[in-house]
Amino acid sequence: MALRFVGKDPESGDHGSPAVWVDEETKDLLFQGWKADKGTMGESSLDVPIPDHEAVIRVPKRMIPLLREALDVAELD
């Protein structure tokens with residue numbers, strides 16, 4: 001598997017932070033983010049059940065440019 005790092009939250013400094021990658025083979029997007037709180041998880045699960053092997057990840061609005069870049073990378077080829 002070859003992951004292409006697109007970027008991380010520009011306001012996070014040197015700490016663990018929300019980040020985005022593109023799997024160069026499958027073109028899947030991968031996210032590191034904050035785990036959603038119980039209230040968000042509860043509300044989200046009203047629309048779609050969330051199995052134990054999945055999670056809701058919160059990515060800050062300021063990362064929208066990185067998400068757009070990741071989508072562009074995934075659409076290459």
# chains A, B, ... in the order shown; residues from 1 in each chain; ligands from 1

$ closest_atom_pairs --of "region 37-62 of chain A" --to "region 12-19 of chain A" --cutoff "9 Å" --atoms "only C-alpha atoms" --output "Markdown table"
| residue | atom | partner | partner_atom | distance |
| --- | --- | --- | --- | --- |
| A:Arg58 | CA | A:Pro18 | CA | 8.4 |
| A:Val59 | CA | A:Pro18 | CA | 6.3 |
| A:Pro60 | CA | A:Pro18 | CA | 7.8 |

$ closest_residue --among "A:Ala70, A:Met63, A:Val48, A:Leu76" --to "Leu30 (chain A)" --atoms "only C-alpha atoms"
A:Ala70

$ select_by_dssp --residues "chain A" --states "helix (DSSP H, G or I)" --output "list in words"
Lys38, Gly39, Thr40, Met41, Gly42, Glu43, Ser44, Ser45, Leu46, Asp47, Lys61, Arg62, Met63, Ile64, Pro65, Leu66, Leu67, Arg68, Glu69, Ala70, Leu71, Asp72, Val73, Ala74 and Glu75 of chain A

$ residues_around --residues "Asp23 (chain A)" --least-positions-apart "2" --cutoff "10 Å" --atoms "only C-alpha atoms" --output "mmCIF file with C-alpha atoms, in the first residue's frame"
data_model
loop_
_atom_site.group_PDB
_atom_site.id
_atom_site.type_symbol
_atom_site.label_atom_id
_atom_site.label_comp_id
_atom_site.auth_asym_id
_atom_site.auth_seq_id
_atom_site.Cartn_x
_atom_site.Cartn_y
_atom_site.Cartn_z
ATOM 1 C CA MET A 1 0.000 0.000 0.000
ATOM 2 C CA ALA A 2 1.316 3.441 -0.902
ATOM 3 C CA LEU A 3 -0.215 6.349 0.963
ATOM 4 C CA ARG A 4 0.210 9.875 -0.305
ATOM 5 C CA PHE A 5 0.184 12.389 2.538
ATOM 6 C CA TRP A 21 -3.990 10.824 2.924
ATOM 7 C CA GLU A 25 -3.711 2.233 -5.440
ATOM 8 C CA THR A 26 -7.393 2.348 -4.478
ATOM 9 C CA LYS A 27 -7.811 6.149 -4.393
ATOM 10 C CA ASP A 28 -9.516 5.808 -1.014
ATOM 11 C CA LEU A 29 -9.262 8.813 1.301
ATOM 12 C CA LEU A 30 -7.937 8.247 4.821
ATOM 13 C CA ALA A 70 -7.127 14.989 -1.645
ATOM 14 C CA VAL A 73 -5.347 13.546 -6.137
ATOM 15 C CA ALA A 74 -7.835 10.686 -5.959
#

$ atom_distance --atom1 "CA of Lys8 (chain A)" --atom2 "CA of Leu66 (chain A)"
7.7 Å

$ residues_around --residues "Ala36 (chain A)" --least-positions-apart "4" --cutoff "8 Å" --atoms "only C-alpha atoms" --output "ChimeraX atom specification"
/A:40-41,55-58

$ write_last_selection --atoms "all heavy atoms" --output "compact mmCIF listing (two decimals), in the first residue's frame"
# COMPACT_ATOMS: atom_id res chain seq x y z
N THR A 40 -22.73 13.41 19.29
CA THR A 40 -22.60 13.35 17.83
C THR A 40 -22.78 11.92 17.33
O THR A 40 -23.45 11.68 16.32
CB THR A 40 -21.23 13.91 17.40
OG1 THR A 40 -21.12 15.26 17.86
CG2 THR A 40 -21.06 13.88 15.89
N MET A 41 -22.17 10.97 18.05
CA MET A 41 -22.32 9.55 17.66
C MET A 41 -23.79 9.14 17.70
O MET A 41 -24.29 8.48 16.79
CB MET A 41 -21.49 8.66 18.59
CG MET A 41 -19.99 8.80 18.43
SD MET A 41 -19.37 8.13 16.88
CE MET A 41 -19.68 6.40 17.14
N ALA A 55 -16.10 4.33 12.86
CA ALA A 55 -16.18 5.47 13.77
C ALA A 55 -16.60 6.70 12.99
O ALA A 55 -16.43 6.76 11.78
CB ALA A 55 -14.82 5.72 14.42
N VAL A 56 -17.13 7.67 13.69
CA VAL A 56 -17.40 8.98 13.11
C VAL A 56 -16.22 9.86 13.51
O VAL A 56 -15.87 9.95 14.68
CB VAL A 56 -18.73 9.57 13.65
CG1 VAL A 56 -18.93 10.99 13.14
CG2 VAL A 56 -19.89 8.68 13.24
N ILE A 57 -15.60 10.48 12.52
CA ILE A 57 -14.42 11.30 12.73
C ILE A 57 -14.76 12.74 12.38
O ILE A 57 -15.34 13.02 11.33
CB ILE A 57 -13.24 10.84 11.83
CG1 ILE A 57 -12.91 9.37 12.10
CG2 ILE A 57 -12.03 11.73 12.01
CD1 ILE A 57 -12.44 9.07 13.49
N ARG A 58 -14.40 13.66 13.26
CA ARG A 58 -14.64 15.08 13.02
C ARG A 58 -13.37 15.71 12.46
O ARG A 58 -12.29 15.57 13.02
CB ARG A 58 -15.05 15.77 14.32
CG ARG A 58 -15.42 17.23 14.14
CD ARG A 58 -15.85 17.86 15.45
NE ARG A 58 -17.10 17.29 15.95
CZ ARG A 58 -18.31 17.73 15.60
NH1 ARG A 58 -18.43 18.73 14.76
NH2 ARG A 58 -19.39 17.18 16.12

$ atom_distance --atom1 "CA of Gly42 (chain A)" --atom2 "CA of Arg68 (chain A)"
27.9 Å

$ select_by_dssp --residues "region 3-76 of chain A" --states "strand (DSSP E or B)" --output "PDB file with all heavy atoms, in the first residue's frame"
ATOM      1  N   LEU A   3       0.619   5.219   0.560  1.00  0.00           N
ATOM      2  CA  LEU A   3      -0.215   6.349   0.963  1.00  0.00           C
ATOM      3  C   LEU A   3       0.476   7.652   0.592  1.00  0.00           C
ATOM      4  O   LEU A   3       1.665   7.818   0.834  1.00  0.00           O
ATOM      5  CB  LEU A   3      -0.464   6.334   2.475  1.00  0.00           C
ATOM      6  CG  LEU A   3      -1.240   5.152   3.017  1.00  0.00           C
ATOM      7  CD1 LEU A   3      -1.413   5.293   4.528  1.00  0.00           C
ATOM      8  CD2 LEU A   3      -2.592   5.019   2.348  1.00  0.00           C
ATOM      9  N   ARG A   4      -0.304   8.538   0.015  1.00  0.00           N
ATOM     10  CA  ARG A   4       0.210   9.875  -0.305  1.00  0.00           C
ATOM     11  C   ARG A   4      -0.330  10.841   0.746  1.00  0.00           C
ATOM     12  O   ARG A   4      -1.541  11.046   0.857  1.00  0.00           O
ATOM     13  CB  ARG A   4      -0.234  10.299  -1.697  1.00  0.00           C
ATOM     14  CG  ARG A   4       0.233  11.689  -2.064  1.00  0.00           C
ATOM     15  CD  ARG A   4      -0.075  12.000  -3.488  1.00  0.00           C
ATOM     16  NE  ARG A   4       0.176  13.391  -3.798  1.00  0.00           N
ATOM     17  CZ  ARG A   4       0.077  13.893  -5.002  1.00  0.00           C
ATOM     18  NH1 ARG A   4      -0.259  13.124  -6.022  1.00  0.00           N
ATOM     19  NH2 ARG A   4       0.301  15.167  -5.220  1.00  0.00           N
ATOM     20  N   PHE A   5       0.573  11.422   1.515  1.00  0.00           N
ATOM     21  CA  PHE A   5       0.184  12.389   2.538  1.00  0.00           C
ATOM     22  C   PHE A   5      -0.186  13.695   1.854  1.00  0.00           C
ATOM     23  O   PHE A   5       0.592  14.246   1.069  1.00  0.00           O
ATOM     24  CB  PHE A   5       1.349  12.608   3.507  1.00  0.00           C
ATOM     25  CG  PHE A   5       1.072  13.619   4.571  1.00  0.00           C
ATOM     26  CD1 PHE A   5       0.125  13.385   5.540  1.00  0.00           C
ATOM     27  CD2 PHE A   5       1.774  14.808   4.604  1.00  0.00           C
ATOM     28  CE1 PHE A   5      -0.128  14.312   6.548  1.00  0.00           C
ATOM     29  CE2 PHE A   5       1.538  15.755   5.602  1.00  0.00           C
ATOM     30  CZ  PHE A   5       0.584  15.492   6.564  1.00  0.00           C
ATOM     31  N   VAL A   6      -1.394  14.172   2.121  1.00  0.00           N
ATOM     32  CA  VAL A   6      -1.857  15.427   1.523  1.00  0.00           C
ATOM     33  C   VAL A   6      -1.590  16.588   2.472  1.00  0.00           C
ATOM     34  O   VAL A   6      -1.128  17.639   2.063  1.00  0.00           O
ATOM     35  CB  VAL A   6      -3.352  15.349   1.143  1.00  0.00           C
ATOM     36  CG1 VAL A   6      -3.845  16.679   0.600  1.00  0.00           C
ATOM     37  CG2 VAL A   6      -3.580  14.233   0.128  1.00  0.00           C
ATOM     38  N   GLY A   7      -1.867  16.406   3.750  1.00  0.00           N
ATOM     39  CA  GLY A   7      -1.607  17.483   4.694  1.00  0.00           C
ATOM     40  C   GLY A   7      -2.280  17.252   6.017  1.00  0.00           C
ATOM     41  O   GLY A   7      -3.018  16.298   6.213  1.00  0.00           O
ATOM     42  N   LYS A   8      -1.988  18.174   6.954  1.00  0.00           N
ATOM     43  CA  LYS A   8      -2.576  18.106   8.285  1.00  0.00           C
ATOM     44  C   LYS A   8      -3.127  19.465   8.662  1.00  0.00           C
ATOM     45  O   LYS A   8      -2.829  20.469   8.015  1.00  0.00           O
ATOM     46  CB  LYS A   8      -1.551  17.630   9.317  1.00  0.00           C
ATOM     47  CG  LYS A   8      -0.435  18.616   9.578  1.00  0.00           C
ATOM     48  CD  LYS A   8       0.501  18.055  10.648  1.00  0.00           C
ATOM     49  CE  LYS A   8       1.414  19.147  11.139  1.00  0.00           C
ATOM     50  NZ  LYS A   8       1.175  19.529  12.490  1.00  0.00           N
ATOM     51  N   ALA A  19      -5.562  14.873   9.848  1.00  0.00           N
ATOM     52  CA  ALA A  19      -4.732  14.773   8.653  1.00  0.00           C
ATOM     53  C   ALA A  19      -5.481  13.994   7.587  1.00  0.00           C
ATOM     54  O   ALA A  19      -6.476  13.316   7.876  1.00  0.00           O
ATOM     55  CB  ALA A  19      -3.408  14.078   8.983  1.00  0.00           C
ATOM     56  N   VAL A  20      -4.997  14.091   6.352  1.00  0.00           N
ATOM     57  CA  VAL A  20      -5.631  13.380   5.244  1.00  0.00           C
ATOM     58  C   VAL A  20      -4.562  12.774   4.329  1.00  0.00           C
ATOM     59  O   VAL A  20      -3.511  13.370   4.098  1.00  0.00           O
ATOM     60  CB  VAL A  20      -6.602  14.306   4.459  1.00  0.00           C
ATOM     61  CG1 VAL A  20      -5.900  15.482   3.836  1.00  0.00           C
ATOM     62  CG2 VAL A  20      -7.391  13.537   3.417  1.00  0.00           C
ATOM     63  N   TRP A  21      -4.844  11.550   3.866  1.00  0.00           N
ATOM     64  CA  TRP A  21      -3.990  10.824   2.924  1.00  0.00           C
ATOM     65  C   TRP A  21      -4.865  10.289   1.799  1.00  0.00           C
ATOM     66  O   TRP A  21      -6.068  10.174   1.941  1.00  0.00           O
ATOM     67  CB  TRP A  21      -3.355   9.594   3.570  1.00  0.00           C
ATOM     68  CG  TRP A  21      -2.416   9.829   4.692  1.00  0.00           C
ATOM     69  CD1 TRP A  21      -1.054   9.859   4.625  1.00  0.00           C
ATOM     70  CD2 TRP A  21      -2.736  10.040   6.062  1.00  0.00           C
ATOM     71  NE1 TRP A  21      -0.516  10.074   5.871  1.00  0.00           N
ATOM     72  CE2 TRP A  21      -1.535  10.193   6.770  1.00  0.00           C
ATOM     73  CE3 TRP A  21      -3.931  10.120   6.769  1.00  0.00           C
ATOM     74  CZ2 TRP A  21      -1.484  10.407   8.134  1.00  0.00           C
ATOM     75  CZ3 TRP A  21      -3.885  10.341   8.131  1.00  0.00           C
ATOM     76  CH2 TRP A  21      -2.666  10.483   8.800  1.00  0.00           C
ATOM     77  N   VAL A  22      -4.229   9.918   0.685  1.00  0.00           N
ATOM     78  CA  VAL A  22      -4.896   9.214  -0.408  1.00  0.00           C
ATOM     79  C   VAL A  22      -4.136   7.913  -0.635  1.00  0.00           C
ATOM     80  O   VAL A  22      -2.907   7.923  -0.756  1.00  0.00           O
ATOM     81  CB  VAL A  22      -4.914  10.053  -1.704  1.00  0.00           C
ATOM     82  CG1 VAL A  22      -5.537   9.261  -2.853  1.00  0.00           C
ATOM     83  CG2 VAL A  22      -5.674  11.354  -1.500  1.00  0.00           C
ATOM     84  N   ASP A  23      -4.853   6.792  -0.670  1.00  0.00           N
ATOM     85  CA  ASP A  23      -4.250   5.512  -1.031  1.00  0.00           C
ATOM     86  C   ASP A  23      -4.029   5.555  -2.537  1.00  0.00           C
ATOM     87  O   ASP A  23      -4.989   5.664  -3.311  1.00  0.00           O
ATOM     88  CB  ASP A  23      -5.191   4.365  -0.644  1.00  0.00           C
ATOM     89  CG  ASP A  23      -4.622   3.003  -0.950  1.00  0.00           C
ATOM     90  OD1 ASP A  23      -4.035   2.826  -2.038  1.00  0.00           O
ATOM     91  OD2 ASP A  23      -4.774   2.102  -0.109  1.00  0.00           O
ATOM     92  N   LEU A  29      -9.738   7.732   0.435  1.00  0.00           N
ATOM     93  CA  LEU A  29      -9.262   8.813   1.301  1.00  0.00           C
ATOM     94  C   LEU A  29      -9.172   8.278   2.715  1.00  0.00           C
ATOM     95  O   LEU A  29     -10.049   7.536   3.169  1.00  0.00           O
ATOM     96  CB  LEU A  29     -10.224   9.997   1.259  1.00  0.00           C
ATOM     97  CG  LEU A  29     -10.487  10.619  -0.112  1.00  0.00           C
ATOM     98  CD1 LEU A  29     -11.466  11.776   0.033  1.00  0.00           C
ATOM     99  CD2 LEU A  29      -9.220  11.071  -0.767  1.00  0.00           C
ATOM    100  N   LEU A  30      -8.114   8.645   3.429  1.00  0.00           N
ATOM    101  CA  LEU A  30      -7.937   8.247   4.821  1.00  0.00           C
ATOM    102  C   LEU A  30      -7.844   9.493   5.675  1.00  0.00           C
ATOM    103  O   LEU A  30      -7.186  10.462   5.294  1.00  0.00           O
ATOM    104  CB  LEU A  30      -6.662   7.410   4.978  1.00  0.00           C
ATOM    105  CG  LEU A  30      -6.731   6.078   4.233  1.00  0.00           C
ATOM    106  CD1 LEU A  30      -6.043   6.203   2.909  1.00  0.00           C
ATOM    107  CD2 LEU A  30      -6.169   4.991   5.070  1.00  0.00           C
ATOM    108  N   PHE A  31      -8.520   9.454   6.827  1.00  0.00           N
ATOM    109  CA  PHE A  31      -8.571  10.620   7.698  1.00  0.00           C
ATOM    110  C   PHE A  31      -8.105  10.275   9.098  1.00  0.00           C
ATOM    111  O   PHE A  31      -8.446   9.228   9.633  1.00  0.00           O
ATOM    112  CB  PHE A  31     -10.003  11.159   7.807  1.00  0.00           C
ATOM    113  CG  PHE A  31     -10.574  11.604   6.506  1.00  0.00           C
ATOM    114  CD1 PHE A  31     -11.424  10.786   5.788  1.00  0.00           C
ATOM    115  CD2 PHE A  31     -10.262  12.842   5.986  1.00  0.00           C
ATOM    116  CE1 PHE A  31     -11.953  11.199   4.581  1.00  0.00           C
ATOM    117  CE2 PHE A  31     -10.786  13.268   4.778  1.00  0.00           C
ATOM    118  CZ  PHE A  31     -11.627  12.442   4.075  1.00  0.00           C
ATOM    119  N   GLN A  32      -7.354  11.161   9.661  1.00  0.00           N
ATOM    120  CA  GLN A  32      -7.088  11.150  11.096  1.00  0.00           C
ATOM    121  C   GLN A  32      -7.834  12.362  11.613  1.00  0.00           C
ATOM    122  O   GLN A  32      -7.736  13.455  11.057  1.00  0.00           O
ATOM    123  CB  GLN A  32      -5.600  11.299  11.381  1.00  0.00           C
ATOM    124  CG  GLN A  32      -5.282  11.425  12.859  1.00  0.00           C
ATOM    125  CD  GLN A  32      -3.790  11.646  13.099  1.00  0.00           C
ATOM    126  OE1 GLN A  32      -2.965  11.317  12.272  1.00  0.00           O
ATOM    127  NE2 GLN A  32      -3.479  12.231  14.239  1.00  0.00           N
ATOM    128  N   TRP A  34     -10.557  13.895  15.164  1.00  0.00           N
ATOM    129  CA  TRP A  34     -11.018  13.748  16.533  1.00  0.00           C
ATOM    130  C   TRP A  34     -12.186  12.779  16.547  1.00  0.00           C
ATOM    131  O   TRP A  34     -13.093  12.875  15.712  1.00  0.00           O
ATOM    132  CB  TRP A  34     -11.458  15.083  17.107  1.00  0.00           C
ATOM    133  CG  TRP A  34     -10.362  16.096  17.114  1.00  0.00           C
ATOM    134  CD1 TRP A  34      -9.163  15.997  17.796  1.00  0.00           C
ATOM    135  CD2 TRP A  34     -10.323  17.330  16.430  1.00  0.00           C
ATOM    136  NE1 TRP A  34      -8.402  17.104  17.567  1.00  0.00           N
ATOM    137  CE2 TRP A  34      -9.091  17.951  16.718  1.00  0.00           C
ATOM    138  CE3 TRP A  34     -11.201  17.985  15.586  1.00  0.00           C
ATOM    139  CZ2 TRP A  34      -8.721  19.182  16.212  1.00  0.00           C
ATOM    140  CZ3 TRP A  34     -10.833  19.222  15.075  1.00  0.00           C
ATOM    141  CH2 TRP A  34      -9.617  19.800  15.398  1.00  0.00           C
ATOM    142  N   LYS A  35     -12.178  11.858  17.489  1.00  0.00           N
ATOM    143  CA  LYS A  35     -13.329  10.979  17.642  1.00  0.00           C
ATOM    144  C   LYS A  35     -14.529  11.821  18.023  1.00  0.00           C
ATOM    145  O   LYS A  35     -14.435  12.717  18.862  1.00  0.00           O
ATOM    146  CB  LYS A  35     -13.072   9.944  18.731  1.00  0.00           C
ATOM    147  CG  LYS A  35     -12.012   8.938  18.355  1.00  0.00           C
ATOM    148  CD  LYS A  35     -11.834   7.940  19.474  1.00  0.00           C
ATOM    149  CE  LYS A  35     -10.741   6.950  19.130  1.00  0.00           C
ATOM    150  NZ  LYS A  35     -10.516   5.996  20.228  1.00  0.00           N
ATOM    151  N   ILE A  57     -15.597  10.477  12.518  1.00  0.00           N
ATOM    152  CA  ILE A  57     -14.418  11.304  12.727  1.00  0.00           C
ATOM    153  C   ILE A  57     -14.764  12.745  12.382  1.00  0.00           C
ATOM    154  O   ILE A  57     -15.345  13.021  11.328  1.00  0.00           O
ATOM    155  CB  ILE A  57     -13.240  10.843  11.834  1.00  0.00           C
ATOM    156  CG1 ILE A  57     -12.909   9.371  12.098  1.00  0.00           C
ATOM    157  CG2 ILE A  57     -12.032  11.732  12.007  1.00  0.00           C
ATOM    158  CD1 ILE A  57     -12.437   9.071  13.490  1.00  0.00           C
ATOM    159  N   ARG A  58     -14.397  13.657  13.259  1.00  0.00           N
ATOM    160  CA  ARG A  58     -14.643  15.083  13.021  1.00  0.00           C
ATOM    161  C   ARG A  58     -13.371  15.708  12.458  1.00  0.00           C
ATOM    162  O   ARG A  58     -12.295  15.571  13.021  1.00  0.00           O
ATOM    163  CB  ARG A  58     -15.052  15.768  14.320  1.00  0.00           C
ATOM    164  CG  ARG A  58     -15.415  17.228  14.137  1.00  0.00           C
ATOM    165  CD  ARG A  58     -15.849  17.858  15.448  1.00  0.00           C
ATOM    166  NE  ARG A  58     -17.096  17.292  15.947  1.00  0.00           N
ATOM    167  CZ  ARG A  58     -18.306  17.728  15.596  1.00  0.00           C
ATOM    168  NH1 ARG A  58     -18.435  18.733  14.761  1.00  0.00           N
ATOM    169  NH2 ARG A  58     -19.388  17.178  16.116  1.00  0.00           N
TER     170      ARG A  58
END
